[in-house]
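Trainee: Starting off with a structure, shown below.
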Amino acid sequence: MPHSGKILTPNKPFRRLPAILWLGIAGAVCLVVYAFIFTGSAFLFTFIDIPKYDLRLMVEGEPYLLWLYRIGFLVLVAMYILGGWSAAHSQGWKAWVIVLGVAFLSAGTLIFLYPFDASDIFDYIMHGRMLALYDANPYQVTAVAYPLDPIYPYVGWVKSTSPYGPFWLQLSALIARFAGDTIVGNVIAFKLLDGIFYCISVGFVAAILHNQNPKRTLTGVWLFACNPLVLYETFGHGHNDITLTACLLGSVWFMIHRRYTLAALALVTGALFKYVTLLVLPAAILFALINLDNWKIRLRYLVVTGLSCLVLIVFAYQPFWVGWKTIDLTTRMYMYTTSLPTIIQTQFRDTFGITTLSQAISQVATVLTLLASVFIAWRLFREKSWMSYPKAALAILLFYLLVTCLWFQQWYVVWLVGLVAVLPLSGLTFIGFLLSFWVMTKVLVFAPPLLWVRPLPNVQYREFWLSVGVMGLPWLVSLIVLARYGINEVHALTHKKVPKP
């Protein structure tokens, strides 16, 4: 279709009202949903005295809540898309006030949501208290050693040591020293801690786009700061994945400004919260080596970056070090849910043995992720643009979540949203956006018939349908995007002009 040069609008009703008004409407509806559907039905002060009160128990008491939450998320997604369109067609300080106002009012509302979707925030609190109040090492000691602690009844993983990095434990201990013994005070304090990293992430999104694509700054900030999954998981349930988002965006900022050592340090810092950002580190190093001018400079970069990262890691782990078991991740290789590896592991565990098969799948997944990281970085470097690195980081994390992740949870997708927000719409970013919407079907659609019923269906049945239900559509869309990319590559090669001799 030929373009007239004018901004196209979807239909007549949208043309009758200015875009900034639609932005305000979208934001107002989001606030109503957060306040009355979510926080209103699971108010922190009302339910805080009930340990491990989850959505299943809530729905058993009030069955209509499940449908209310489903409708609420559909409305949030619709308003988020409307807000993205409106932000792209708005400008000026009023639009900024609306976007930032919606983001921070939504966050402030969700702080008072009882974390019914997972007990992770209580594990954070308990590990922080163990370190701060009992002088115990969470890499050695488990919560079961402190059954009289007021947080203990709320902890989900009482027999597990901390799976998080030392920087997160230090921050958890810092918060525990000031939050006191009240459960409400601790929950709010940890959500506010997440809020600091949320603000850092918003700042990086704005700074990156203001520097590289100023016209998209307002849109990008809306797409990240007002994303329903980001707000719901960060402020509603207090997941610490927002720390990785901030570090990933920091690495993008440093990469744009050719501060390659700082970019690597940002990723290592993220890994000292939660290990996932290490997946992107090979790509960051490869991009740096390719962009540096000569091998002398490259060698100096490798030495300085390697030593700097090593010093940071030693500094972080020194207070906790009890040998290599401090960073032992082998226990995670036996945890499987909602993923392609889970389907393989559950279907063939009886044939090969669960221990042998789990170890083999974990090792293959690690190798595949590393190879994919290097290959993706090499392919995308050819674009020679500032977007090459964030696109590579996004593609690597998508590959991990869609293909090689063993234990998938919906809040992991928070890692992606900052990268998606700074990039223009493409097949890759569409997958990221789709995943940030679709993953909520895990708890709202597929968990009730597969995980809430008693007795539970056998593990092969429930994990197959849970994995296919939650990941099936993203897998299908990813295959379509890959097919289109392959066709375009073949077309470019076959139509490449050969210079005349």
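Please note that chains go A, B, ... in the order of the structure tokens, that every chain numbers its residues from 1, and that ligands are numbered from 1 in the order shown.
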If you run DSSP on the backbone here, which positions in stretch 190-293 of chain A get helix (DSSP H, G or I)? Please write them as a VMD selection string.
Mentor: chain A and resid 190 to 212 214 to 225 228 to 236 242 to 256 260 to 271 275 to 291
Trainee: Show me, as CSV, the residues of stretch 14-58 of chain A having an atom within 10 Å of stretch 174-196 of chain A, each with the closest atom pair and its distance in Å, using only C-alpha atoms.
Mentor:
residue,atom,partner,partner_atom,distance
A:Leu44,CA,A:Val184,CA,7.5
A:Phe45,CA,A:Val184,CA,7.3
A:Ile48,CA,A:Val184,CA,6.9
A:Asp49,CA,A:Ile183,CA,8.5
Trainee: Which residues of stretch 257-332 of chain A come within 8 Å of stretch 378-396 of chain A, and for each one, what is the closest pair of atoms and their distance in Å to one decimal, counting only C-alpha atoms, sorted by chain and residue number, as JSON lines?
Mentor:
{"residue": "A:Leu279", "atom": "CA", "partner": "A:Ile396", "partner_atom": "CA", "distance": 7.3}
{"residue": "A:Val280", "atom": "CA", "partner": "A:Ala393", "partner_atom": "CA", "distance": 5.8}
{"residue": "A:Ala283", "atom": "CA", "partner": "A:Ala392", "partner_atom": "CA", "distance": 7.3}
{"residue": "A:Ala284", "atom": "CA", "partner": "A:Tyr389", "partner_atom": "CA", "distance": 7.3}
{"residue": "A:Leu286", "atom": "CA", "partner": "A:Trp378", "partner_atom": "CA", "distance": 7.7}
{"residue": "A:Phe287", "atom": "CA", "partner": "A:Phe381", "partner_atom": "CA", "distance": 7.0}
Trainee: Measuring between only C-alpha atoms, which one of A:Tyr134, A:Tyr152, A:Tyr69, A:Trp85 shows the shortest distance to A:Leu21?
Mentor: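 For A:Leu21, the nearest of the candidates is A:Trp85.
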Trainee: Excluding A:Leu68 and any residue of its chain fewer than 6 positions from it, enumerate the residues within 12 Å of it, using only C-alpha atoms, and give them as a PyMOL selection string.
Mentor: chain A and resi 33-34+36-38+40-41+59+62+74-75+444
Trainee: When distances are computed from only C-alpha atoms, which of A:Trp407, A:Tyr275, A:Tyr124, A:Trp465 shows the smallest separation from A:Leu451?
Mentor: A:Trp465
Trainee: Tell me, as a PyMOL selection string, which residues lie within 9 Å of A:Thr245, counting only C-alpha atoms; anything in the same chain fewer than 4 positions away does not count.
Mentor: chain A and resi 197-198+201+241+249-250+270+414-419
Trainee: Print the selection's residues with N, CA and C atoms to a file, as a tab-separated table (two decimals), in the first residue's frame.
Mentor:
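Wrote it out as again-v1.tsv, contents follow:
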chain	number	residue	atom	x	y	z
A	197	PHE	N	15.78	-0.80	41.25
A	197	PHE	CA	16.28	-1.35	39.98
A	197	PHE	C	15.30	-1.07	38.83
A	198	TYR	N	14.03	-1.01	39.14
A	198	TYR	CA	13.03	-0.62	38.14
A	198	TYR	C	13.31	0.81	37.66
A	201	SER	N	16.32	0.89	35.49
A	201	SER	CA	15.99	0.34	34.17
A	201	SER	C	15.25	1.36	33.32
A	241	ASP	N	14.03	-10.40	39.44
A	241	ASP	CA	14.53	-10.45	38.05
A	241	ASP	C	14.76	-9.07	37.45
A	249	LEU	N	20.50	-3.64	30.52
A	249	LEU	CA	20.39	-2.32	29.89
A	249	LEU	C	21.65	-1.50	30.14
A	250	GLY	N	22.25	-1.65	31.31
A	250	GLY	CA	23.51	-0.98	31.56
A	250	GLY	C	24.60	-1.42	30.60
A	270	GLY	N	25.28	-8.40	37.04
A	270	GLY	CA	23.99	-9.06	36.97
A	270	GLY	C	24.08	-10.51	37.41
A	414	VAL	N	10.71	-10.96	32.35
A	414	VAL	CA	11.04	-9.58	32.72
A	414	VAL	C	12.42	-9.21	32.21
A	415	TRP	N	13.34	-10.19	32.14
A	415	TRP	CA	14.69	-9.90	31.63
A	415	TRP	C	14.65	-9.27	30.25
A	416	LEU	N	13.68	-9.69	29.43
A	416	LEU	CA	13.67	-9.33	28.02
A	416	LEU	C	13.08	-7.95	27.74
A	417	VAL	N	12.17	-7.50	28.60
A	417	VAL	CA	11.30	-6.38	28.21
A	417	VAL	C	12.09	-5.09	28.01
A	418	GLY	N	13.14	-4.87	28.81
A	418	GLY	CA	13.95	-3.67	28.60
A	418	GLY	C	14.62	-3.67	27.24
A	419	LEU	N	15.16	-4.82	26.83
A	419	LEU	CA	15.79	-4.93	25.51
A	419	LEU	C	14.77	-4.73	24.40
Trainee: Closest to A:Thr337 among A:Val468, A:Val230, A:Val420, A:Leu218, using only C-alpha atoms?
Mentor: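 Smallest separation from A:Thr337 among the options: A:Val468.
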Trainee: Can you measure atom CA of A:Cys309 to atom CA of A:Val268 for me? One decimal in Å is fine.
Mentor: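 For atom CA of A:Cys309 relative to atom CA of A:Val268, the distance reads 6.7 Å.
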Trainee: If you measure from atom CA of A:Ile354 to atom CA of A:Thr342, what distance in Å do you get, rounded to one decimal?
Mentor: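 Interatomic distance here is 11.4 Å.
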Trainee: Set the distance at 10 Å and use only C-alpha atoms: which residues neighbour A:Cys199 once local chain neighbours fewer than 4 positions away are removed? I'd like the list as a list in words.
Mentor: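 Selected residues are Phe104, Asp194, Gly195, Gly203, Phe204, Val205, Ala225, Ile242 and Ala246 of chain A.
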Trainee: Which residue, A:Ala26, A:Ala447, A:Leu209, A:Val144, has the smallest gap to A:Ala421 when you use only C-alpha atoms?
Mentor: A:Leu209
Trainee: Just how far from atom CA of A:Arg259 is atom CA of A:Ser308, in Å to one decimal?
Mentor: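 Taking atom CA of A:Ser308 and atom CA of A:Arg259, their separation equals 13.3 Å.
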Trainee: A:Leu57, A:Met333, A:Val322, A:Leu278: which is nearest A:Trp452, counting only C-alpha atoms?
Mentor: A:Leu57
